[in-house]
Structures are given as C-alpha cells and as structure tokens.
>>> print(open('work_2.cif').read())   # mmCIF, C-alpha atoms
data_my_file
loop_
_atom_site.group_PDB
_atom_site.id
_atom_site.type_symbol
_atom_site.label_atom_id
_atom_site.label_comp_id
_atom_site.auth_asym_id
_atom_site.auth_seq_id
_atom_site.Cartn_x
_atom_site.Cartn_y
_atom_site.Cartn_z
ATOM 1 C CA MET A 296 -11.571 -34.803 -98.579
ATOM 2 C CA THR A 297 -9.659 -31.555 -98.352
ATOM 3 C CA THR A 298 -10.468 -28.249 -99.946
ATOM 4 C CA SER A 299 -8.291 -25.295 -100.716
ATOM 5 C CA PRO A 300 -9.271 -22.027 -99.102
ATOM 6 C CA SER A 301 -10.780 -19.436 -101.374
ATOM 7 C CA PRO A 302 -8.292 -16.735 -102.315
ATOM 8 C CA SER A 303 -8.701 -13.582 -100.258
ATOM 9 C CA PRO A 304 -9.545 -10.383 -102.081
ATOM 10 C CA PRO A 305 -6.646 -7.976 -102.430
ATOM 11 C CA GLY A 306 -6.205 -5.794 -99.356
ATOM 12 C CA PRO A 307 -6.328 -1.998 -99.350
ATOM 13 C CA GLY A 308 -2.561 -1.758 -99.628
ATOM 14 C CA VAL A 309 -2.532 -3.799 -102.840
ATOM 15 C CA LEU A 310 -5.332 -1.721 -104.346
ATOM 16 C CA ASP A 311 -3.648 1.535 -103.342
ATOM 17 C CA ALA A 312 -0.407 0.397 -104.946
ATOM 18 C CA ALA A 313 -2.209 -0.564 -108.147
ATOM 19 C CA LEU A 314 -3.992 2.795 -108.318
ATOM 20 C CA ASP A 315 -0.699 4.598 -107.727
ATOM 21 C CA ARG A 316 0.964 2.651 -110.576
ATOM 22 C CA ALA A 317 -1.957 3.507 -112.854
ATOM 23 C CA PHE A 318 -2.564 7.147 -111.973
ATOM 24 C CA GLY A 319 -0.320 8.574 -109.263
ATOM 25 C CA HIS A 320 3.114 7.477 -110.461
ATOM 26 C CA PRO A 321 2.303 5.665 -113.715
ATOM 27 C CA SER A 322 4.526 2.713 -114.485
ATOM 28 C CA GLY A 323 4.394 -0.457 -116.535
ATOM 29 C CA LEU A 324 1.285 -1.810 -118.176
ATOM 30 C CA LEU A 325 -0.977 -0.322 -115.490
ATOM 31 C CA GLY A 326 0.622 3.062 -116.083
ATOM 32 C CA ARG A 327 -0.025 2.962 -119.813
ATOM 33 C CA LEU A 328 -3.618 1.895 -119.195
ATOM 34 C CA GLY A 329 -4.003 4.686 -116.646
ATOM 35 C CA GLY A 330 -2.579 7.132 -119.187
ATOM 36 C CA LYS A 331 -5.238 6.215 -121.728
ATOM 37 C CA LEU A 332 -7.958 6.649 -119.103
ATOM 38 C CA MET A 333 -6.485 9.995 -118.049
ATOM 39 C CA ALA A 334 -6.354 11.152 -121.660
ATOM 40 C CA ALA A 335 -10.086 10.579 -121.977
ATOM 41 C CA GLY A 336 -11.162 11.725 -118.527
ATOM 42 C CA ASN A 337 -9.042 14.856 -118.300
ATOM 43 C CA ALA A 338 -9.290 16.050 -121.905
ATOM 44 C CA ALA A 339 -11.925 18.736 -121.290
ATOM 45 C CA THR A 340 -9.976 20.216 -118.388
ATOM 46 C CA GLU A 341 -6.692 20.103 -120.300
ATOM 47 C CA HIS A 342 -8.238 22.041 -123.190
ATOM 48 C CA ARG A 343 -9.943 24.439 -120.779
ATOM 49 C CA VAL A 344 -6.619 25.341 -119.143
ATOM 50 C CA VAL A 345 -4.926 25.831 -122.505
ATOM 51 C CA ASP A 346 -7.802 28.096 -123.595
ATOM 52 C CA LEU A 347 -7.553 30.130 -120.385
ATOM 53 C CA ALA A 348 -3.816 30.621 -120.952
ATOM 54 C CA ARG A 349 -4.429 32.468 -124.244
ATOM 55 C CA LEU A 350 -1.146 31.281 -125.664
ATOM 56 C CA GLU A 351 0.680 33.304 -128.301
ATOM 57 C CA PRO A 352 2.864 31.990 -131.165
ATOM 58 C CA ASP A 353 6.010 33.592 -129.742
ATOM 59 C CA GLU A 354 5.637 32.185 -126.231
ATOM 60 C CA THR A 355 7.457 29.370 -124.451
ATOM 61 C CA VAL A 356 5.165 27.095 -122.451
ATOM 62 C CA LEU A 357 6.191 24.679 -119.713
ATOM 63 C CA VAL A 358 3.733 21.880 -118.906
ATOM 64 C CA ILE A 359 4.264 20.194 -115.540
ATOM 65 C CA GLY A 360 3.144 16.562 -115.362
ATOM 66 C CA PRO A 361 1.575 16.346 -118.828
ATOM 67 C CA GLY A 362 0.690 12.669 -118.339
ATOM 68 C CA PRO A 363 -0.431 11.244 -121.689
ATOM 69 C CA GLY A 364 0.081 14.633 -123.341
ATOM 70 C CA VAL A 365 -3.406 15.941 -124.213
ATOM 71 C CA GLY A 366 -2.735 19.447 -122.881
ATOM 72 C CA LEU A 367 0.850 19.348 -124.126
ATOM 73 C CA ASP A 368 -0.435 18.575 -127.612
ATOM 74 C CA ALA A 369 -3.023 21.377 -127.491
ATOM 75 C CA ALA A 370 -0.414 23.891 -126.311
ATOM 76 C CA SER A 371 2.077 22.777 -128.977
ATOM 77 C CA LYS A 372 -0.355 23.834 -131.703
ATOM 78 C CA LEU A 373 -0.538 27.385 -130.371
ATOM 79 C CA ALA A 374 2.782 28.345 -128.776
ATOM 80 C CA GLY A 375 6.221 28.695 -130.299
ATOM 81 C CA GLU A 376 8.028 26.338 -127.929
ATOM 82 C CA VAL A 377 6.482 23.773 -125.578
ATOM 83 C CA ILE A 378 8.292 21.697 -122.951
ATOM 84 C CA GLY A 379 6.756 18.870 -120.966
ATOM 85 C CA VAL A 380 8.376 17.818 -117.679
ATOM 86 C CA GLU A 381 7.189 14.368 -116.622
ATOM 87 C CA PRO A 382 8.742 11.852 -114.180
ATOM 88 C CA SER A 383 7.077 8.736 -115.640
ATOM 89 C CA PRO A 384 8.884 7.084 -118.589
ATOM 90 C CA GLU A 385 5.585 5.558 -119.739
ATOM 91 C CA MET A 386 3.906 8.972 -119.823
ATOM 92 C CA ARG A 387 6.885 10.528 -121.603
ATOM 93 C CA ASP A 388 6.520 7.870 -124.289
ATOM 94 C CA LEU A 389 2.805 8.647 -124.646
ATOM 95 C CA CYS A 390 3.586 12.374 -124.895
ATOM 96 C CA THR A 391 6.112 11.740 -127.639
ATOM 97 C CA ASP A 392 3.693 9.465 -129.493
ATOM 98 C CA ARG A 393 1.003 12.148 -129.326
ATOM 99 C CA CYS A 394 3.065 15.288 -129.987
ATOM 100 C CA GLY A 395 5.939 14.115 -132.156
ATOM 101 C CA ASP A 396 8.539 16.850 -132.536
ATOM 102 C CA ARG A 397 6.112 19.665 -131.680
ATOM 103 C CA ALA A 398 7.077 19.444 -127.998
ATOM 104 C CA GLU A 399 10.195 18.658 -126.021
ATOM 105 C CA VAL A 400 9.567 16.041 -123.342
ATOM 106 C CA ARG A 401 12.044 15.602 -120.519
ATOM 107 C CA ALA A 402 12.328 13.839 -117.166
ATOM 108 C CA GLY A 403 11.666 15.950 -114.095
ATOM 109 C CA ASP A 404 8.930 17.304 -111.881
ATOM 110 C CA ALA A 405 7.558 20.590 -110.558
ATOM 111 C CA ALA A 406 10.474 21.120 -108.185
ATOM 112 C CA ARG A 407 13.114 20.051 -110.751
ATOM 113 C CA THR A 408 12.217 21.292 -114.220
ATOM 114 C CA GLY A 409 15.706 21.560 -115.699
ATOM 115 C CA CYS A 410 14.754 24.949 -117.186
ATOM 116 C CA ALA A 411 16.901 28.072 -117.082
ATOM 117 C CA ASP A 412 15.958 31.135 -115.057
ATOM 118 C CA ALA A 413 13.230 33.275 -116.638
ATOM 119 C CA SER A 414 12.934 30.994 -119.673
ATOM 120 C CA ALA A 415 9.161 30.370 -119.841
ATOM 121 C CA ASP A 416 6.217 32.659 -120.467
ATOM 122 C CA VAL A 417 3.555 30.274 -119.201
ATOM 123 C CA VAL A 418 3.408 27.280 -116.851
ATOM 124 C CA LEU A 419 0.451 24.904 -117.123
ATOM 125 C CA THR A 420 -0.338 21.975 -114.849
ATOM 126 C CA VAL A 421 -3.442 19.777 -114.643
ATOM 127 C CA ASN A 422 -4.146 17.176 -111.935
ATOM 128 C CA ASN A 423 -0.545 17.128 -110.796
ATOM 129 C CA VAL A 424 -0.218 19.393 -107.746
ATOM 130 C CA GLN A 425 -1.468 16.623 -105.432
ATOM 131 C CA LEU A 426 1.704 14.681 -106.327
ATOM 132 C CA TRP A 427 4.144 17.476 -105.440
ATOM 133 C CA GLU A 428 6.176 16.198 -102.509
ATOM 134 C CA ASP A 429 7.391 19.688 -101.583
ATOM 135 C CA ARG A 430 4.898 22.328 -102.745
ATOM 136 C CA PRO A 431 6.884 25.353 -101.493
ATOM 137 C CA ALA A 432 9.922 24.130 -103.459
ATOM 138 C CA ALA A 433 7.735 23.489 -106.515
ATOM 139 C CA PHE A 434 6.129 26.924 -106.444
ATOM 140 C CA ALA A 435 9.576 28.496 -105.958
ATOM 141 C CA GLU A 436 10.896 26.567 -108.974
ATOM 142 C CA LEU A 437 7.981 27.608 -111.184
ATOM 143 C CA PHE A 438 8.435 31.227 -110.091
ATOM 144 C CA ARG A 439 12.140 30.983 -110.968
ATOM 145 C CA VAL A 440 11.638 29.656 -114.495
ATOM 146 C CA LEU A 441 8.918 32.157 -115.437
ATOM 147 C CA ARG A 442 9.837 35.429 -117.067
ATOM 148 C CA PRO A 443 8.622 38.651 -115.406
ATOM 149 C CA GLY A 444 4.965 38.959 -116.335
ATOM 150 C CA GLY A 445 4.741 35.191 -116.901
ATOM 151 C CA ARG A 446 1.653 33.344 -115.791
ATOM 152 C CA LEU A 447 0.855 30.107 -114.008
ATOM 153 C CA LEU A 448 -2.386 28.193 -114.585
ATOM 154 C CA LEU A 449 -3.107 25.228 -112.345
ATOM 155 C CA SER A 450 -6.065 22.864 -112.213
ATOM 156 C CA ALA A 451 -6.724 19.796 -110.064
ATOM 157 C CA HIS A 452 -9.627 17.663 -108.913
ATOM 158 C CA GLU A 453 -10.810 19.632 -105.887
ATOM 159 C CA LYS A 454 -11.518 16.519 -103.816
ATOM 160 C CA TRP A 455 -7.907 15.364 -104.229
ATOM 161 C CA LEU A 456 -6.237 18.642 -103.284
ATOM 162 C CA PRO A 457 -3.917 18.277 -100.282
ATOM 163 C CA VAL A 458 -5.103 21.699 -99.040
ATOM 164 C CA THR A 459 -7.956 24.014 -100.008
ATOM 165 C CA ARG A 460 -7.608 25.987 -103.213
ATOM 166 C CA HIS A 461 -7.363 29.177 -101.146
ATOM 167 C CA GLU A 462 -4.472 27.731 -99.142
ATOM 168 C CA LEU A 463 -2.869 26.704 -102.425
ATOM 169 C CA ALA A 464 -3.156 30.319 -103.591
ATOM 170 C CA ASP A 465 -1.519 31.440 -100.332
ATOM 171 C CA GLU A 466 1.383 29.062 -101.009
ATOM 172 C CA ALA A 467 1.801 30.511 -104.506
ATOM 173 C CA ALA A 468 1.750 34.019 -103.039
ATOM 174 C CA ALA A 469 4.443 33.017 -100.535
ATOM 175 C CA ALA A 470 6.653 32.051 -103.513
ATOM 176 C CA GLY A 471 6.226 35.572 -104.940
ATOM 177 C CA PHE A 472 3.257 35.209 -107.289
ATOM 178 C CA THR A 473 0.724 38.018 -107.476
ATOM 179 C CA ASP A 474 -2.666 38.704 -109.107
ATOM 180 C CA LEU A 475 -3.941 35.399 -107.738
ATOM 181 C CA GLN A 476 -7.366 34.175 -108.752
ATOM 182 C CA THR A 477 -8.981 30.877 -107.808
ATOM 183 C CA TRP A 478 -12.313 29.337 -108.752
ATOM 184 C CA THR A 479 -13.988 25.989 -109.445
ATOM 185 C CA TRP A 480 -15.059 24.600 -112.793
ATOM 186 C CA ASP A 481 -17.428 21.722 -113.445
ATOM 187 C CA PRO A 482 -16.151 19.791 -116.489
ATOM 188 C CA PRO A 483 -18.649 18.172 -118.847
ATOM 189 C CA GLY A 484 -19.382 14.477 -118.429
ATOM 190 C CA PHE A 485 -18.422 12.577 -115.300
ATOM 191 C CA ALA A 486 -15.156 14.341 -114.418
ATOM 192 C CA ALA A 487 -14.797 15.622 -110.856
ATOM 193 C CA LEU A 488 -15.127 19.301 -109.966
ATOM 194 C CA ALA A 489 -11.901 21.117 -110.784
ATOM 195 C CA ALA A 490 -10.235 23.709 -108.561
ATOM 196 C CA GLN A 491 -8.313 26.170 -110.723
ATOM 197 C CA LEU A 492 -5.788 28.885 -109.999
ATOM 198 C CA ARG A 493 -4.172 31.654 -112.004
ATOM 199 C CA ALA A 494 -1.130 33.603 -110.842
ATOM 200 C CA VAL A 495 1.402 36.016 -112.320
ATOM 201 C CA LYS A 496 5.098 36.621 -111.721
ATOM 202 C CA PRO A 497 5.471 40.373 -111.205
ATOM 203 C CA GLY A 498 6.966 42.207 -114.173
#
>>> encode(input="work_2.cif", output="structure tokens")
Amino acid sequence: MTTSPSPSPPGPGVLDAALDRAFGHPSGLLGRLGGKLMAAGNAATEHRVVDLARLEPDETVLVIGPGPGVGLDAASKLAGEVIGVEPSPEMRDLCTDRCGDRAEVRAGDAARTGCADASADVVLTVNNVQLWEDRPAAFAELFRVLRPGGRLLLSAHEKWLPVTRHELADEAAAAGFTDLQTWTWDPPGFAALAAQLRAVKPG
C-alpha cells in the first residue's frame, strides 16, 4: 500500500506574494478582495486626512495611491477638482465605481503623477508611502505639482513605515517643504497606529 505525501503548507515566499497581490500591488481577484478590505479598514484614516486638509470648493486635490477610493470619494465631495493617481488597474476600477465622474482617475504613482507644474493645491496620501520605490523622487514630484502655499498631508501605518516619521519629515524638508508637523493618531476599531505628516510648499 502506498500513500501520497500530505501537501506542504505554502512557504513564506508564496504568502508574501499573495499579500503583495492583495495589498501592496493589488492585482487580479486577490487585489479586488484586498481593495474591499482596505476600504473598510482604512476608512476612518482616509476621512481623518480629508478633514485635516480642510478642502475648499475652488481647490484642486491630488490623491496619491487612492486604492479603492474612499478618501478620493470624500475629497471629491468637497473640492472643485480631484485627481487620483493609482498604479493598479483593479484599484482604478474600484475608484471609478465609487466616485463616478466626480474624480479623474489615472495611472501613475507618487514619482510620476502626470500633473503639470504647480497645478494642485493639496496632495493627500494614505498608506502608500511604504510603496514608494524612490522617496526623494516622489517628494520632489509632489513638491513640483503643488502650487506655492499648497499643502501635503500624508498618513501611513507607523509599523510599516520604511523610516521613522521624523526621518520622513526630514526627507520632505530636503525636497523643499516647510512648516513640517508630524504626529501619531490612533484610529477607532482595530486599525494600526497611524503616523501622519503635514507639510507646505513655500508661497
């Protein structure tokens, strides 16, 4: 009598790849599932960042890595023009489903926004900075697209930051941002502690 060996559990590499397809670089069915989980888990932080931005009806807002579009949707109800820059086709579809024609959604990332110089009043980004492959280039790009006096608001799970929030503020300062403030915020529910940063492009 022969028996077949029991299947081995997936190794760390397989699990890491699955998590990346769901949350890091969402793609396929896992990406859409991850998007729905992100929409629920990040909603409080997304709304918090939009509230902190104090958006005005005549402002143009650029949202970097909007994921499933919760923050993009909230911003689109307050600002005059809202643009979401998102590399994942699955997430762009979710953004369009959620926001309709209230927001423009385009392919890109923090270092390649496709926006003209000094064309945005506000840049918002939630739980995306940890995916920036070249943070100096990304901060330089966001500085470029902001108008003088424009503001950047950034939030990310503190435990997933590639550097401390104070080092992140130093990187923003190196790109030219001023009036830097950084703090932590504990979202309601089971969401992880958020590190948040506010910066301004000098007028």
>>> resolve_selection(input="work_2.cif", expression="the PyMOL selection byres ((chain A and resi 425) around 12)", output="ChimeraX atom specification")
/A:318-320,360,405,420-424,426-430,433,449-460,463,490
>>> axis_aligned_box(input="work_2.cif", around="segment 476-485 of chain A", padding_each_side="6 Å", output="AutoDock Vina command-line options")
--center_x -13.4 --center_y 23.4 --center_z -113.3 --size_x 24.0 --size_y 33.6 --size_z 23.0
>>> resolve_selection(input="work_2.cif", expression="the PyMOL selection byres ((chain A and resi 355) around 9)", output="PyMOL selection string")
chain A and resi 350-354+356-357+374-378+414-418
>>> closest_residue(input="work_2.cif", among="A:Met386, A:Leu367, A:Val380, A:Leu437", to="Val495 of chain A", atoms="only C-alpha atoms")
A:Leu437
>>> closest_residue(input="work_2.cif", among="A:Leu389, A:Ala398, A:Ala339, A:Ala470", to="Asp368 of chain A", atoms="all atoms listed in the file")
A:Ala398
>>> residues_around(input="work_2.cif", residues="Asp404 of chain A", least_positions_apart="4", cutoff="6 Å", atoms="only C-alpha atoms", output="PDB file with C-alpha atoms, in the frame of the given file")
ATOM      1  CA  VAL A 380       8.376  17.818-117.679  1.00  0.00           C
ATOM      2  CA  GLU A 381       7.189  14.368-116.622  1.00  0.00           C
ATOM      3  CA  PRO A 382       8.742  11.852-114.180  1.00  0.00           C
ATOM      4  CA  THR A 408      12.217  21.292-114.220  1.00  0.00           C
TER       5      THR A 408
END
>>> atom_distance(input="work_2.cif", atom1="atom CA of Asp474 of chain A", atom2="atom CA of Val365 of chain A")
27.3 Å
>>> atom_distance(input="work_2.cif", atom1="atom CA of Gln491 of chain A", atom2="atom CA of Leu448 of chain A")
7.4 Å
>>> resolve_selection(input="work_2.cif", expression="the PyMOL selection byres ((chain A and resi 493) around 6)", output="PyMOL selection string")
chain A and resi 447-448+475-476+492+494
>>> closest_residue(input="work_2.cif", among="A:Pro431, A:Pro384, A:Glu462, A:Arg446", to="Leu347 of chain A", atoms="only C-alpha atoms")
A:Arg446
>>> residues_around(input="work_2.cif", residues="Asp481 of chain A", least_positions_apart="3", cutoff="10 Å", atoms="all atoms listed in the file", output="tab-separated table (two decimals) with C-alpha atoms, in the frame of the given file")
chain	number	residue	atom	x	y	z
A	340	THR	CA	-9.98	20.22	-118.39
A	452	HIS	CA	-9.63	17.66	-108.91
A	484	GLY	CA	-19.38	14.48	-118.43
A	485	PHE	CA	-18.42	12.58	-115.30
A	486	ALA	CA	-15.16	14.34	-114.42
A	487	ALA	CA	-14.80	15.62	-110.86
A	488	LEU	CA	-15.13	19.30	-109.97
A	489	ALA	CA	-11.90	21.12	-110.78
A	490	ALA	CA	-10.24	23.71	-108.56
>>> atom_distance(input="work_2.cif", atom1="atom CA of Asp388 of chain A", atom2="atom CA of Ala369 of chain A")
16.8 Å
>>> closest_residue(input="work_2.cif", among="A:Ala411, A:Ala435, A:Ile359, A:Val440", to="Arg387 of chain A", atoms="all atoms listed in the file")
A:Ile359
>>> closest_residue(input="work_2.cif", among="A:Glu385, A:Leu373, A:Thr391, A:Ala402", to="Arg349 of chain A", atoms="only C-alpha atoms")
A:Leu373
>>> closest_residue(input="work_2.cif", among="A:Leu419, A:Ala464, A:Ala348, A:Cys410", to="Trp478 of chain A", atoms="all atoms listed in the file")
A:Ala464
>>> decode(input="work_2.cif", residues="segment 421-432 of chain A", atoms="N, CA and C atoms", output="tab-separated table (two decimals), in the first residue's frame")
chain	number	residue	atom	x	y	z
A	421	VAL	N	-2.62	58.16	1.77
A	421	VAL	CA	-2.87	57.33	2.94
A	421	VAL	C	-2.35	55.91	2.67
A	422	ASN	N	-1.49	55.43	3.56
A	422	ASN	CA	-0.97	54.06	3.50
A	422	ASN	C	-0.38	53.72	2.13
A	423	ASN	N	0.42	54.67	1.62
A	423	ASN	CA	1.02	54.47	0.31
A	423	ASN	C	2.52	54.71	0.31
A	424	VAL	N	3.01	55.54	1.23
A	424	VAL	CA	4.42	55.94	1.20
A	424	VAL	C	5.35	54.74	1.31
A	425	GLN	N	4.92	53.67	1.99
A	425	GLN	CA	5.78	52.50	2.15
A	425	GLN	C	6.00	51.78	0.82
A	426	LEU	N	5.23	52.13	-0.21
A	426	LEU	CA	5.37	51.51	-1.53
A	426	LEU	C	6.19	52.38	-2.49
A	427	TRP	N	6.59	53.57	-2.06
A	427	TRP	CA	7.36	54.45	-2.95
A	427	TRP	C	8.76	53.88	-3.12
A	428	GLU	N	9.11	53.54	-4.34
A	428	GLU	CA	10.42	52.93	-4.60
A	428	GLU	C	11.54	53.95	-4.46
A	429	ASP	N	11.26	55.21	-4.75
A	429	ASP	CA	12.26	56.27	-4.67
A	429	ASP	C	11.61	57.45	-3.96
A	430	ARG	N	11.72	57.50	-2.63
A	430	ARG	CA	11.02	58.54	-1.88
A	430	ARG	C	11.54	59.94	-2.20
A	431	PRO	N	12.86	60.17	-2.34
A	431	PRO	CA	13.29	61.51	-2.73
A	431	PRO	C	12.67	61.98	-4.04
A	432	ALA	N	12.59	61.08	-5.03
A	432	ALA	CA	11.97	61.45	-6.31
A	432	ALA	C	10.48	61.72	-6.12
